[in-house]
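What's in work_12.cif: mmCIF, C-alpha atoms and all ligand atoms
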```
data_run
#
loop_
_atom_site.group_PDB
_atom_site.id
_atom_site.type_symbol
_atom_site.label_atom_id
_atom_site.label_comp_id
_atom_site.auth_asym_id
_atom_site.auth_seq_id
_atom_site.Cartn_x
_atom_site.Cartn_y
_atom_site.Cartn_z
ATOM 1 C CA MET A 636 -4.439 14.622 -23.461
ATOM 2 C CA SER A 637 -7.269 13.695 -21.113
ATOM 3 C CA ASP A 638 -6.638 12.069 -17.750
ATOM 4 C CA PHE A 639 -8.245 8.921 -19.056
ATOM 5 C CA ALA A 640 -5.956 8.747 -22.085
ATOM 6 C CA LEU A 641 -2.914 9.444 -19.930
ATOM 7 C CA ALA A 642 -3.905 6.716 -17.507
ATOM 8 C CA LYS A 643 -4.351 4.298 -20.412
ATOM 9 C CA LEU A 644 -0.961 5.203 -21.882
ATOM 10 C CA TYR A 645 0.639 4.800 -18.476
ATOM 11 C CA ARG A 646 -0.959 1.365 -17.971
ATOM 12 C CA GLU A 647 0.122 0.180 -21.394
ATOM 13 C CA LEU A 648 3.687 1.406 -20.951
ATOM 14 C CA ILE A 649 3.933 -0.339 -17.583
ATOM 15 C CA LEU A 650 2.566 -3.531 -19.134
ATOM 16 C CA LEU A 651 5.080 -3.321 -21.963
ATOM 17 C CA LEU A 652 7.938 -2.750 -19.529
ATOM 18 C CA LYS A 653 6.802 -5.670 -17.406
ATOM 19 C CA ILE A 654 6.708 -8.013 -20.371
ATOM 20 C CA LEU A 655 10.080 -6.862 -21.659
ATOM 21 C CA CYS A 656 11.616 -7.163 -18.200
ATOM 22 C CA SER A 657 10.233 -10.634 -17.662
ATOM 23 C CA ILE A 658 11.707 -11.904 -20.923
ATOM 24 C CA HIS A 659 14.963 -10.149 -20.184
ATOM 25 C CA SER A 660 15.300 -11.859 -16.799
ATOM 26 C CA ASP A 661 14.956 -15.308 -18.348
ATOM 27 C CA LYS A 662 18.483 -15.837 -19.598
ATOM 28 C CA SER A 663 18.708 -19.605 -19.780
ATOM 29 C CA GLU A 664 18.073 -21.499 -23.001
ATOM 30 C CA HIS A 665 16.130 -24.714 -23.295
ATOM 31 C CA SER A 666 15.248 -26.505 -26.484
ATOM 32 C CA ASN A 667 11.518 -26.639 -25.744
ATOM 33 C CA ARG A 668 11.299 -22.931 -25.015
ATOM 34 C CA GLN A 669 11.208 -20.093 -27.417
ATOM 35 C CA ILE A 670 10.374 -16.460 -27.439
ATOM 36 C CA LEU A 671 7.355 -15.655 -29.541
ATOM 37 C CA LYS A 672 6.838 -12.433 -31.410
ATOM 38 C CA HIS A 673 3.639 -10.749 -30.352
ATOM 39 C CA ASN A 674 1.951 -7.646 -31.674
ATOM 40 C CA PHE A 675 0.989 -4.957 -29.247
ATOM 41 C CA THR A 676 -0.866 -1.716 -29.856
ATOM 42 C CA ILE A 677 -0.293 1.561 -28.029
ATOM 43 C CA PHE A 678 -2.641 4.277 -29.295
ATOM 44 C CA GLY A 679 -2.791 2.772 -32.728
ATOM 45 C CA PHE A 680 0.958 2.155 -33.048
ATOM 46 C CA ARG A 681 1.734 -1.479 -33.565
ATOM 47 C CA ILE A 682 4.693 -2.656 -31.574
ATOM 48 C CA GLU A 683 6.177 -6.100 -31.747
ATOM 49 C CA ILE A 684 6.956 -7.583 -28.376
ATOM 50 C CA LEU A 685 8.076 -10.933 -27.125
ATOM 51 C CA LYS A 686 6.180 -13.563 -25.191
ATOM 52 C CA MET A 687 7.234 -16.745 -23.449
ATOM 53 C CA HIS A 688 6.172 -19.850 -25.297
ATOM 54 C CA ILE A 689 6.778 -23.362 -24.023
ATOM 55 C CA ASN A 690 6.285 -26.343 -26.294
ATOM 56 C CA ILE A 691 5.228 -29.559 -24.659
ATOM 57 C CA PRO A 692 6.999 -32.575 -26.171
ATOM 58 C CA GLU A 693 4.998 -35.791 -26.670
ATOM 59 C CA GLY A 694 4.292 -37.485 -23.341
ATOM 60 C CA LYS A 695 5.456 -34.509 -21.274
ATOM 61 C CA LYS A 696 3.387 -32.284 -18.983
ATOM 62 C CA ILE A 697 3.421 -28.955 -17.251
ATOM 63 C CA TYR A 698 2.756 -28.859 -13.513
ATOM 64 C CA PHE A 699 1.489 -26.097 -11.232
ATOM 65 C CA SER A 700 1.335 -25.874 -7.444
ATOM 66 C CA SER A 701 1.239 -23.166 -4.797
ATOM 67 C CA ASP A 702 0.896 -22.199 -1.148
ATOM 68 C CA ASN A 703 3.088 -24.624 0.766
ATOM 69 C CA HIS A 704 3.750 -22.130 3.568
ATOM 70 C CA LEU A 705 6.813 -24.045 4.710
ATOM 71 C CA GLY A 706 7.771 -22.947 8.187
ATOM 72 C CA ALA A 707 4.162 -22.469 9.359
ATOM 73 C CA PRO A 708 2.938 -22.705 11.995
ATOM 74 C CA THR A 709 6.426 -23.858 13.055
ATOM 75 C CA TYR A 710 9.363 -25.288 11.145
ATOM 76 C CA GLU A 711 8.950 -28.713 12.817
ATOM 77 C CA GLU A 712 5.218 -28.882 12.133
ATOM 78 C CA SER A 713 5.650 -28.074 8.462
ATOM 79 C CA ARG A 714 8.303 -30.786 7.920
ATOM 80 C CA PRO A 715 5.821 -33.591 7.065
ATOM 81 C CA ARG A 716 4.221 -31.289 4.461
ATOM 82 C CA GLU A 717 7.676 -30.546 3.079
ATOM 83 C CA THR A 718 8.404 -34.280 2.807
ATOM 84 C CA LYS A 719 5.158 -34.808 0.910
ATOM 85 C CA PHE A 720 5.955 -31.935 -1.454
ATOM 86 C CA ILE A 721 9.366 -33.449 -2.198
ATOM 87 C CA GLN A 722 7.730 -36.820 -2.935
ATOM 88 C CA TRP A 723 5.466 -35.011 -5.396
ATOM 89 C CA LEU A 724 8.450 -33.275 -7.048
ATOM 90 C CA ASP A 725 10.185 -36.663 -7.357
ATOM 91 C CA GLU A 726 7.088 -38.045 -9.031
ATOM 92 C CA ILE A 727 6.507 -35.228 -11.519
ATOM 93 C CA LYS A 728 10.140 -34.770 -12.541
ATOM 94 C CA LYS A 729 9.749 -37.973 -14.591
ATOM 95 C CA ASP A 730 7.575 -36.277 -17.210
ATOM 96 C CA ALA A 731 7.676 -32.540 -16.472
ATOM 97 C CA ALA A 732 8.353 -30.169 -19.363
ATOM 98 C CA ALA A 733 8.182 -27.258 -16.899
ATOM 99 C CA ILE A 734 7.093 -26.568 -13.324
ATOM 100 C CA PHE A 735 5.272 -23.467 -12.137
ATOM 101 C CA LEU A 736 5.319 -22.670 -8.423
ATOM 102 C CA LEU A 737 2.757 -19.979 -7.717
ATOM 103 C CA GLY A 738 4.007 -18.476 -4.498
ATOM 104 C CA ASP A 739 3.867 -18.724 -0.715
ATOM 105 C CA LEU A 740 6.327 -21.613 -0.881
ATOM 106 C CA PHE A 741 7.651 -20.228 2.399
ATOM 107 C CA ASP A 742 5.545 -18.738 5.148
ATOM 108 C CA PHE A 743 8.221 -16.108 5.403
ATOM 109 C CA TRP A 744 11.246 -15.391 3.259
ATOM 110 C CA PHE A 745 13.545 -12.418 3.204
ATOM 111 C CA GLU A 746 16.823 -12.071 1.338
ATOM 112 C CA TYR A 747 19.525 -10.051 2.981
ATOM 113 C CA LYS A 748 22.576 -9.037 0.989
ATOM 114 C CA HIS A 749 24.633 -12.057 2.081
ATOM 115 C CA VAL A 750 22.128 -14.137 4.029
ATOM 116 C CA VAL A 751 18.923 -16.100 3.417
ATOM 117 C CA PRO A 752 16.632 -17.641 6.077
ATOM 118 C CA LYS A 753 17.596 -20.953 7.722
ATOM 119 C CA GLY A 754 15.855 -24.185 6.790
ATOM 120 C CA PHE A 755 14.065 -25.727 3.810
ATOM 121 C CA VAL A 756 17.269 -27.350 2.489
ATOM 122 C CA ARG A 757 15.429 -30.457 1.238
ATOM 123 C CA THR A 758 13.079 -28.361 -0.861
ATOM 124 C CA LEU A 759 15.864 -26.125 -2.147
ATOM 125 C CA GLY A 760 18.036 -29.178 -2.907
ATOM 126 C CA LYS A 761 15.233 -30.921 -4.798
ATOM 127 C CA LEU A 762 14.487 -27.777 -6.807
ATOM 128 C CA ALA A 763 18.212 -27.477 -7.599
ATOM 129 C CA GLU A 764 18.344 -31.102 -8.772
ATOM 130 C CA ILE A 765 15.291 -30.648 -11.024
ATOM 131 C CA SER A 766 16.462 -27.323 -12.410
ATOM 132 C CA ASP A 767 19.974 -28.728 -13.056
ATOM 133 C CA SER A 768 18.431 -31.649 -14.954
ATOM 134 C CA GLY A 769 17.134 -29.124 -17.492
ATOM 135 C CA ILE A 770 13.493 -28.819 -16.409
ATOM 136 C CA PRO A 771 12.671 -25.107 -16.229
ATOM 137 C CA ILE A 772 11.029 -23.893 -13.018
ATOM 138 C CA TYR A 773 9.104 -20.615 -12.793
ATOM 139 C CA PHE A 774 8.382 -18.999 -9.482
ATOM 140 C CA PHE A 775 5.753 -16.329 -8.821
ATOM 141 C CA VAL A 776 6.241 -14.670 -5.467
ATOM 142 C CA GLY A 777 3.312 -14.794 -3.054
ATOM 143 C CA ASN A 778 2.411 -12.318 -0.351
ATOM 144 C CA HIS A 779 4.438 -14.374 2.141
ATOM 145 C CA ASP A 780 7.637 -14.603 0.099
ATOM 146 C CA LEU A 781 7.581 -11.392 -1.905
ATOM 147 C CA TRP A 782 10.976 -10.316 -0.552
ATOM 148 C CA MET A 783 12.775 -12.543 -3.018
ATOM 149 C CA LYS A 784 15.597 -11.033 -4.984
ATOM 150 C CA ASP A 785 18.182 -12.925 -6.988
ATOM 151 C CA TYR A 786 18.867 -15.975 -4.795
ATOM 152 C CA PHE A 787 16.561 -18.346 -6.718
ATOM 153 C CA LYS A 788 17.928 -17.140 -10.063
ATOM 154 C CA GLU A 789 21.571 -17.325 -9.066
ATOM 155 C CA GLU A 790 21.504 -20.449 -6.922
ATOM 156 C CA LEU A 791 18.791 -22.514 -8.641
ATOM 157 C CA ASN A 792 18.413 -20.910 -12.076
ATOM 158 C CA ILE A 793 14.712 -20.420 -11.294
ATOM 159 C CA THR A 794 13.052 -17.422 -12.911
ATOM 160 C CA VAL A 795 11.228 -15.322 -10.328
ATOM 161 C CA TYR A 796 8.252 -13.131 -11.261
ATOM 162 C CA HIS A 797 6.885 -10.416 -9.016
ATOM 163 C CA GLU A 798 3.773 -9.837 -11.148
ATOM 164 C CA PRO A 799 1.366 -12.088 -13.060
ATOM 165 C CA GLN A 800 2.550 -13.119 -16.521
ATOM 166 C CA VAL A 801 1.092 -14.368 -19.765
ATOM 167 C CA PHE A 802 2.522 -17.608 -21.102
ATOM 168 C CA GLN A 803 1.665 -19.596 -24.176
ATOM 169 C CA LEU A 804 1.881 -23.268 -23.227
ATOM 170 C CA ALA A 805 1.547 -25.475 -26.306
ATOM 171 C CA LYS A 806 -1.263 -23.666 -28.142
ATOM 172 C CA LYS A 807 -3.130 -22.300 -25.118
ATOM 173 C CA GLN A 808 -2.956 -18.865 -23.528
ATOM 174 C CA PHE A 809 -2.326 -18.821 -19.789
ATOM 175 C CA PHE A 810 -2.588 -15.942 -17.359
ATOM 176 C CA ILE A 811 -0.549 -16.962 -14.325
ATOM 177 C CA GLY A 812 0.099 -15.350 -10.948
ATOM 178 C CA HIS A 813 -0.079 -15.773 -7.181
ATOM 179 C CA GLY A 814 -3.263 -13.711 -7.013
ATOM 180 C CA ASP A 815 -2.835 -11.428 -3.999
ATOM 181 C CA GLY A 816 -4.115 -7.890 -4.308
ATOM 182 C CA LEU A 817 -5.810 -8.490 -7.673
ATOM 183 C CA GLY A 818 -9.398 -7.592 -8.461
ATOM 184 C CA PRO A 819 -11.747 -5.315 -6.557
ATOM 185 C CA GLY A 820 -11.693 -4.956 -2.791
ATOM 186 C CA ASP A 821 -9.066 -6.037 -0.265
ATOM 187 C CA LYS A 822 -8.104 -2.371 0.169
ATOM 188 C CA GLY A 823 -6.444 -2.859 3.557
ATOM 189 C CA TYR A 824 -4.141 -5.553 2.237
ATOM 190 C CA LYS A 825 -3.340 -3.537 -0.902
ATOM 191 C CA ARG A 826 -2.196 -0.667 1.327
ATOM 192 C CA MET A 827 -0.069 -3.046 3.402
ATOM 193 C CA LYS A 828 1.483 -4.458 0.230
ATOM 194 C CA LYS A 829 2.581 -0.944 -0.794
ATOM 195 C CA VAL A 830 4.384 -0.656 2.542
ATOM 196 C CA PHE A 831 5.991 -4.101 2.179
ATOM 197 C CA THR A 832 7.242 -3.505 -1.343
ATOM 198 C CA ASN A 833 8.404 0.052 -0.648
ATOM 199 C CA PRO A 834 12.225 0.210 -1.064
ATOM 200 C CA PHE A 835 12.614 2.350 2.057
ATOM 201 C CA SER A 836 10.663 -0.019 4.304
ATOM 202 C CA LYS A 837 12.598 -2.970 2.875
ATOM 203 C CA TRP A 838 15.838 -1.130 3.581
ATOM 204 C CA LEU A 839 14.716 -0.425 7.154
ATOM 205 C CA PHE A 840 13.715 -4.050 7.728
ATOM 206 C CA ARG A 841 17.036 -5.273 6.359
ATOM 207 C CA TRP A 842 18.861 -3.355 9.052
ATOM 208 C CA LEU A 843 16.951 -5.009 11.879
ATOM 209 C CA HIS A 844 18.974 -7.918 13.192
ATOM 210 C CA PRO A 845 17.550 -11.065 11.491
ATOM 211 C CA ASP A 846 16.966 -12.767 14.881
ATOM 212 C CA LEU A 847 14.586 -9.910 15.587
ATOM 213 C CA GLY A 848 13.259 -9.168 12.091
ATOM 214 C CA VAL A 849 12.526 -12.761 11.109
ATOM 215 C CA ALA A 850 10.943 -13.550 14.493
ATOM 216 C CA LEU A 851 8.703 -10.488 14.196
ATOM 217 C CA ALA A 852 7.719 -11.274 10.612
ATOM 218 C CA LYS A 853 6.938 -14.914 11.444
ATOM 219 C CA HIS A 854 4.776 -13.812 14.344
ATOM 220 C CA LEU A 855 2.808 -11.334 12.222
ATOM 221 C CA SER A 856 2.525 -13.771 9.322
ATOM 222 C CA VAL A 857 0.711 -16.347 11.444
ATOM 223 C CA LYS A 858 -1.293 -13.907 13.582
ATOM 224 C CA ASN A 859 -2.524 -11.090 11.394
ATOM 225 C CA LYS A 860 -4.885 -11.439 8.460
ATOM 226 C CA LEU A 861 -4.333 -7.892 7.230
ATOM 227 C CA ILE A 862 -0.578 -8.390 7.146
ATOM 228 C CA SER A 863 -0.706 -11.811 5.530
ATOM 229 C CA GLY A 864 -3.586 -10.979 3.180
ATOM 230 C CA ASP A 865 -5.016 -14.445 3.773
ATOM 231 C CA ASP A 866 -8.740 -14.968 3.778
ATOM 232 C CA ASP A 867 -10.591 -17.895 5.208
ATOM 233 C CA ALA A 868 -10.660 -20.693 2.690
ATOM 234 C CA LYS A 869 -14.417 -20.717 2.122
ATOM 235 C CA PHE A 870 -15.988 -20.359 -1.284
ATOM 236 C CA LEU A 871 -17.654 -16.950 -1.416
ATOM 237 C CA GLY A 872 -19.665 -17.478 -4.597
ATOM 238 C CA GLU A 873 -18.487 -16.408 -8.031
ATOM 239 C CA GLU A 874 -19.652 -12.817 -7.555
ATOM 240 C CA ASN A 875 -17.554 -12.400 -4.409
ATOM 241 C CA GLU A 876 -14.446 -14.238 -5.516
ATOM 242 C CA TRP A 877 -12.118 -11.356 -6.424
ATOM 243 C CA LEU A 878 -9.915 -13.471 -8.638
ATOM 244 C CA VAL A 879 -12.938 -14.650 -10.641
ATOM 245 C CA GLN A 880 -13.982 -11.009 -11.088
ATOM 246 C CA TYR A 881 -10.423 -10.102 -12.057
ATOM 247 C CA SER A 882 -10.286 -12.931 -14.624
ATOM 248 C CA LYS A 883 -13.604 -11.830 -16.133
ATOM 249 C CA ARG A 884 -12.260 -8.301 -16.515
ATOM 250 C CA LYS A 885 -9.119 -9.600 -18.219
ATOM 251 C CA LEU A 886 -11.247 -11.732 -20.533
ATOM 252 C CA ALA A 887 -13.121 -8.632 -21.672
ATOM 253 C CA GLU A 888 -9.786 -7.293 -23.011
ATOM 254 C CA LYS A 889 -8.400 -10.458 -24.557
ATOM 255 C CA HIS A 890 -9.015 -14.188 -24.705
ATOM 256 C CA TYR A 891 -7.166 -16.522 -22.382
ATOM 257 C CA ASP A 892 -7.723 -20.255 -22.059
ATOM 258 C CA TYR A 893 -6.699 -20.510 -18.427
ATOM 259 C CA PHE A 894 -6.322 -18.240 -15.441
ATOM 260 C CA ILE A 895 -4.184 -19.976 -12.847
ATOM 261 C CA PHE A 896 -3.765 -18.598 -9.364
ATOM 262 C CA GLY A 897 -2.958 -19.643 -5.821
ATOM 263 C CA HIS A 898 -3.524 -17.501 -2.720
ATOM 264 C CA ARG A 899 -7.101 -18.664 -1.954
ATOM 265 C CA HIS A 900 -6.025 -21.952 -0.329
ATOM 266 C CA LEU A 901 -9.084 -23.454 -1.945
ATOM 267 C CA PRO A 902 -9.034 -25.683 -5.032
ATOM 268 C CA LEU A 903 -11.468 -24.172 -7.532
ATOM 269 C CA GLU A 904 -12.308 -24.790 -11.151
ATOM 270 C CA ILE A 905 -14.768 -22.299 -12.609
ATOM 271 C CA GLU A 906 -15.935 -22.067 -16.206
ATOM 272 C CA LEU A 907 -15.833 -18.551 -17.604
ATOM 273 C CA GLU A 908 -17.084 -17.390 -20.992
ATOM 274 C CA ASN A 909 -15.749 -18.787 -24.295
ATOM 275 C CA LYS A 910 -14.390 -21.960 -22.681
ATOM 276 C CA ALA A 911 -11.965 -19.989 -20.544
ATOM 277 C CA LYS A 912 -11.359 -21.441 -17.105
ATOM 278 C CA TYR A 913 -10.380 -20.048 -13.748
ATOM 279 C CA ILE A 914 -8.324 -22.482 -11.716
ATOM 280 C CA ASN A 915 -7.269 -22.036 -8.151
ATOM 281 C CA LEU A 916 -4.556 -24.461 -7.125
ATOM 282 C CA GLY A 917 -5.632 -24.891 -3.504
ATOM 283 C CA ASP A 918 -2.754 -25.445 -1.102
ATOM 284 C CA TRP A 919 -0.325 -27.907 0.469
ATOM 285 C CA ILE A 920 -1.703 -27.492 3.961
ATOM 286 C CA SER A 921 -5.200 -28.976 3.715
ATOM 287 C CA TYR A 922 -5.635 -30.100 0.095
ATOM 288 C CA TYR A 923 -2.307 -31.141 -1.487
ATOM 289 C CA THR A 924 -3.687 -30.172 -4.893
ATOM 290 C CA TYR A 925 -1.899 -29.348 -8.123
ATOM 291 C CA ALA A 926 -2.760 -28.776 -11.772
ATOM 292 C CA VAL A 927 -1.335 -30.711 -14.680
ATOM 293 C CA PHE A 928 -1.528 -29.636 -18.322
ATOM 294 C CA ASP A 929 -0.745 -32.059 -21.142
ATOM 295 C CA GLY A 930 -0.939 -29.548 -23.968
ATOM 296 C CA GLU A 931 -4.674 -30.033 -24.511
ATOM 297 C CA ASN A 932 -6.381 -30.401 -21.159
ATOM 298 C CA LEU A 933 -5.737 -29.132 -17.694
ATOM 299 C CA GLU A 934 -6.705 -31.147 -14.642
ATOM 300 C CA LEU A 935 -6.797 -30.257 -10.991
ATOM 301 C CA LYS A 936 -5.587 -33.245 -8.988
ATOM 302 C CA GLU A 937 -4.801 -34.286 -5.476
ATOM 303 C CA PHE A 938 -1.507 -35.871 -4.410
HETATM 304 MN MN MN B 1001 -0.949 -18.388 0.822
#
```

Could you render the structure from this file as structure tokens?
Ligand SMILES: [Mn+2]
Amino acid sequence: MSDFALAKLYRELILLLKILCSIHSDKSEHSNRQILKHNFTIFGFRIEILKMHINIPEGKKIYFSSDNHLGAPTYEESRPRETKFIQWLDEIKKDAAAIFLLGDLFDFWFEYKHVVPKGFVRTLGKLAEISDSGIPIYFFVGNHDLWMKDYFKEELNITVYHEPQVFQLAKKQFFIGHGDGLGPGDKGYKRMKKVFTNPFSKWLFRWLHPDLGVALAKHLSVKNKLISGDDDAKFLGEENEWLVQYSKRKLAEKHYDYFIFGHRHLPLEIELENKAKYINLGDWISYYTYAVFDGENLELKEF
């Protein structure tokens, strides 16, 4: 088998595993959710796999937001932004069929075996209330909160994804993720991400006393662009927007209606080919933007 064929097989197996794992981790049952059968081909063999499908009942909507960076630049300074976010959650819970949070909710988050970081109780409490009321919440980790483990699942019944996922929402195909490290370029950050997600470095970090570890991580998160992976929030033009390039590459393989990402801290809506759209959700630092999908149309709005 050629290197190329091996690489292709490897990629497809990883993709299959990812999809199977993501369905597996979603244990809760809701009446408006179902698992769809989906055909998948590996070297000509047709395999049936499962895909998340959410129906949107009449009058209900699906909401998306990302990049709150609670705790930045300091806990006190991010409190007004937290209050505003909770007001938004209170507003959307009235007609939400599901809520997608696309990462960097916290400027830094790390789960120890028996301990989670201090703070953010109003946000966590509001998410608990919404989740308990039966509205499913999906969380995609960002580059600032990628050290999530099972706390959100166990405490809030929120499904946590560590990689982008495909969802069918009503009749439309969505490709959803935080967006860090995707597309060409950003090599320095991609290398850093390998270090951060490496089990040995996580194990080492866990054994630093949290007063030291969390303080160090918070410092680096605010100070260092390479560590945080955050670019300046200026539009670089379609050709230089990595996530646009990434979406175009994905479109060449398969049709999607919407690509939804965070990470850029810049609200963007870009038409791609065949009516596909790239949406960037902006942030809750400068823009307070979110997307809402009613089953037919998706709108980027400001709160
Ligand atoms: Mn961010």

- [ ] Translate the PyMOL selection byres (((chain A and resi 924) around 8) and not hetatm), as applied to the file shown, into an explicit residue set as a list in words.
- [x] Ser700, Pro902, Leu916, Gly917, Asp918, Trp919, Tyr922, Tyr923, Tyr925, Ala926, Leu935, Lys936, Glu937 and Phe938 of chain A

Expanded to explicit residues, what is the PyMOL selection byres (((chain A and resi 894) around 9) and not hetatm) for this file, as a compact mmCIF listing (two decimals) with C-alpha atoms, in the coordinates of the input?
```
# COMPACT_ATOMS: atom_id res chain seq x y z
CA GLN A 808 -2.96 -18.86 -23.53
CA PHE A 809 -2.33 -18.82 -19.79
CA PHE A 810 -2.59 -15.94 -17.36
CA ILE A 811 -0.55 -16.96 -14.32
CA GLY A 812 0.10 -15.35 -10.95
CA VAL A 879 -12.94 -14.65 -10.64
CA SER A 882 -10.29 -12.93 -14.62
CA TYR A 891 -7.17 -16.52 -22.38
CA ASP A 892 -7.72 -20.26 -22.06
CA TYR A 893 -6.70 -20.51 -18.43
CA ILE A 895 -4.18 -19.98 -12.85
CA PHE A 896 -3.76 -18.60 -9.36
CA ALA A 911 -11.96 -19.99 -20.54
CA LYS A 912 -11.36 -21.44 -17.10
CA TYR A 913 -10.38 -20.05 -13.75
CA ILE A 914 -8.32 -22.48 -11.72
CA ASN A 915 -7.27 -22.04 -8.15
```

Residue neighbourhood Leu791 in chain A, 12 Å, only C-alpha atoms, exclusion window fewer than 6 positions, as an mmCIF file with C-alpha atoms, in the frame of the given file:
```
data_model
loop_
_atom_site.group_PDB
_atom_site.id
_atom_site.type_symbol
_atom_site.label_atom_id
_atom_site.label_comp_id
_atom_site.auth_asym_id
_atom_site.auth_seq_id
_atom_site.Cartn_x
_atom_site.Cartn_y
_atom_site.Cartn_z
ATOM 1 C CA SER A 663 18.708 -19.605 -19.780
ATOM 2 C CA THR A 758 13.079 -28.361 -0.861
ATOM 3 C CA LEU A 759 15.864 -26.125 -2.147
ATOM 4 C CA GLY A 760 18.036 -29.178 -2.907
ATOM 5 C CA LYS A 761 15.233 -30.921 -4.798
ATOM 6 C CA LEU A 762 14.487 -27.777 -6.807
ATOM 7 C CA ALA A 763 18.212 -27.477 -7.599
ATOM 8 C CA GLU A 764 18.344 -31.102 -8.772
ATOM 9 C CA ILE A 765 15.291 -30.648 -11.024
ATOM 10 C CA SER A 766 16.462 -27.323 -12.410
ATOM 11 C CA ASP A 767 19.974 -28.728 -13.056
ATOM 12 C CA SER A 768 18.431 -31.649 -14.954
ATOM 13 C CA GLY A 769 17.134 -29.124 -17.492
ATOM 14 C CA ILE A 770 13.493 -28.819 -16.409
ATOM 15 C CA PRO A 771 12.671 -25.107 -16.229
ATOM 16 C CA ILE A 772 11.029 -23.893 -13.018
ATOM 17 C CA TYR A 773 9.104 -20.615 -12.793
ATOM 18 C CA PHE A 774 8.382 -18.999 -9.482
ATOM 19 C CA ASP A 785 18.182 -12.925 -6.988
#
```

Counting all atoms listed in the file, what are the residues, protein, DNA or RNA alike, that approach ligand MN 1001 (chain B) to within 6 Å? I want them as a list in words. Asp702, Asp739 and His898 of chain A

Q) Once the PyMOL selection byres (((chain A and resi 868) around 12) and not hetatm) has been applied to the shown file, what residues remain in the selection, as a list in words? A)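 On this input, the PyMOL selection byres (((chain A and resi 868) around 12) and not hetatm) captures Asp865, Asp866, Asp867, Lys869, Phe870, Leu871, Glu876, Gly897, His898, Arg899, His900, Leu901, Pro902, Leu903, Asn915, Gly917, Asp918, Ile920, Ser921 and Tyr922 of chain A.
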
Mind writing the picked residues with C-alpha atoms as a compact mmCIF listing (two decimals), keeping the file's coordinate frame?
```
# COMPACT_ATOMS: atom_id res chain seq x y z
CA ASP A 865 -5.02 -14.44 3.77
CA ASP A 866 -8.74 -14.97 3.78
CA ASP A 867 -10.59 -17.90 5.21
CA LYS A 869 -14.42 -20.72 2.12
CA PHE A 870 -15.99 -20.36 -1.28
CA LEU A 871 -17.65 -16.95 -1.42
CA GLU A 876 -14.45 -14.24 -5.52
CA GLY A 897 -2.96 -19.64 -5.82
CA HIS A 898 -3.52 -17.50 -2.72
CA ARG A 899 -7.10 -18.66 -1.95
CA HIS A 900 -6.02 -21.95 -0.33
CA LEU A 901 -9.08 -23.45 -1.94
CA PRO A 902 -9.03 -25.68 -5.03
CA LEU A 903 -11.47 -24.17 -7.53
CA ASN A 915 -7.27 -22.04 -8.15
CA GLY A 917 -5.63 -24.89 -3.50
CA ASP A 918 -2.75 -25.44 -1.10
CA ILE A 920 -1.70 -27.49 3.96
CA SER A 921 -5.20 -28.98 3.72
CA TYR A 922 -5.64 -30.10 0.10
```

Checklist entry - In terms of the shortest atom-to-atom distance over only C-alpha atoms, which of A:Lys829, A:Lys686, A:His890, A:Lys788 is closest to Phe802 in chain A? => result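 Checking each candidate against Phe802 in chain A, we get A:Lys686 as the closest.
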
So the first atom is CA of Val756 in chain A and the second is CA of Val927 in chain A; what is the distance between them in Å, to one decimal place?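 The value is 25.5 Å.
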
| If you measure from CA of Trp842 in chain A to CA of Asp815 in chain A, what distance in Å do you get, rounded to one decimal? |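 According to the coordinates, CA of Trp842 in chain A and CA of Asp815 in chain A are separated by 26.6 Å.
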
Judged by only C-alpha atoms, the minimum distance to His779 in chain A among A:Lys695, A:Lys883, A:Lys853, A:Lys753 is found for A:Lys853

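Considering the residues A:Arg826, A:Glu931, A:Leu878, A:Tyr747 and counting all atoms listed in the file, His844 in chain A has its shortest atom-to-atom contact with A:Tyr747.
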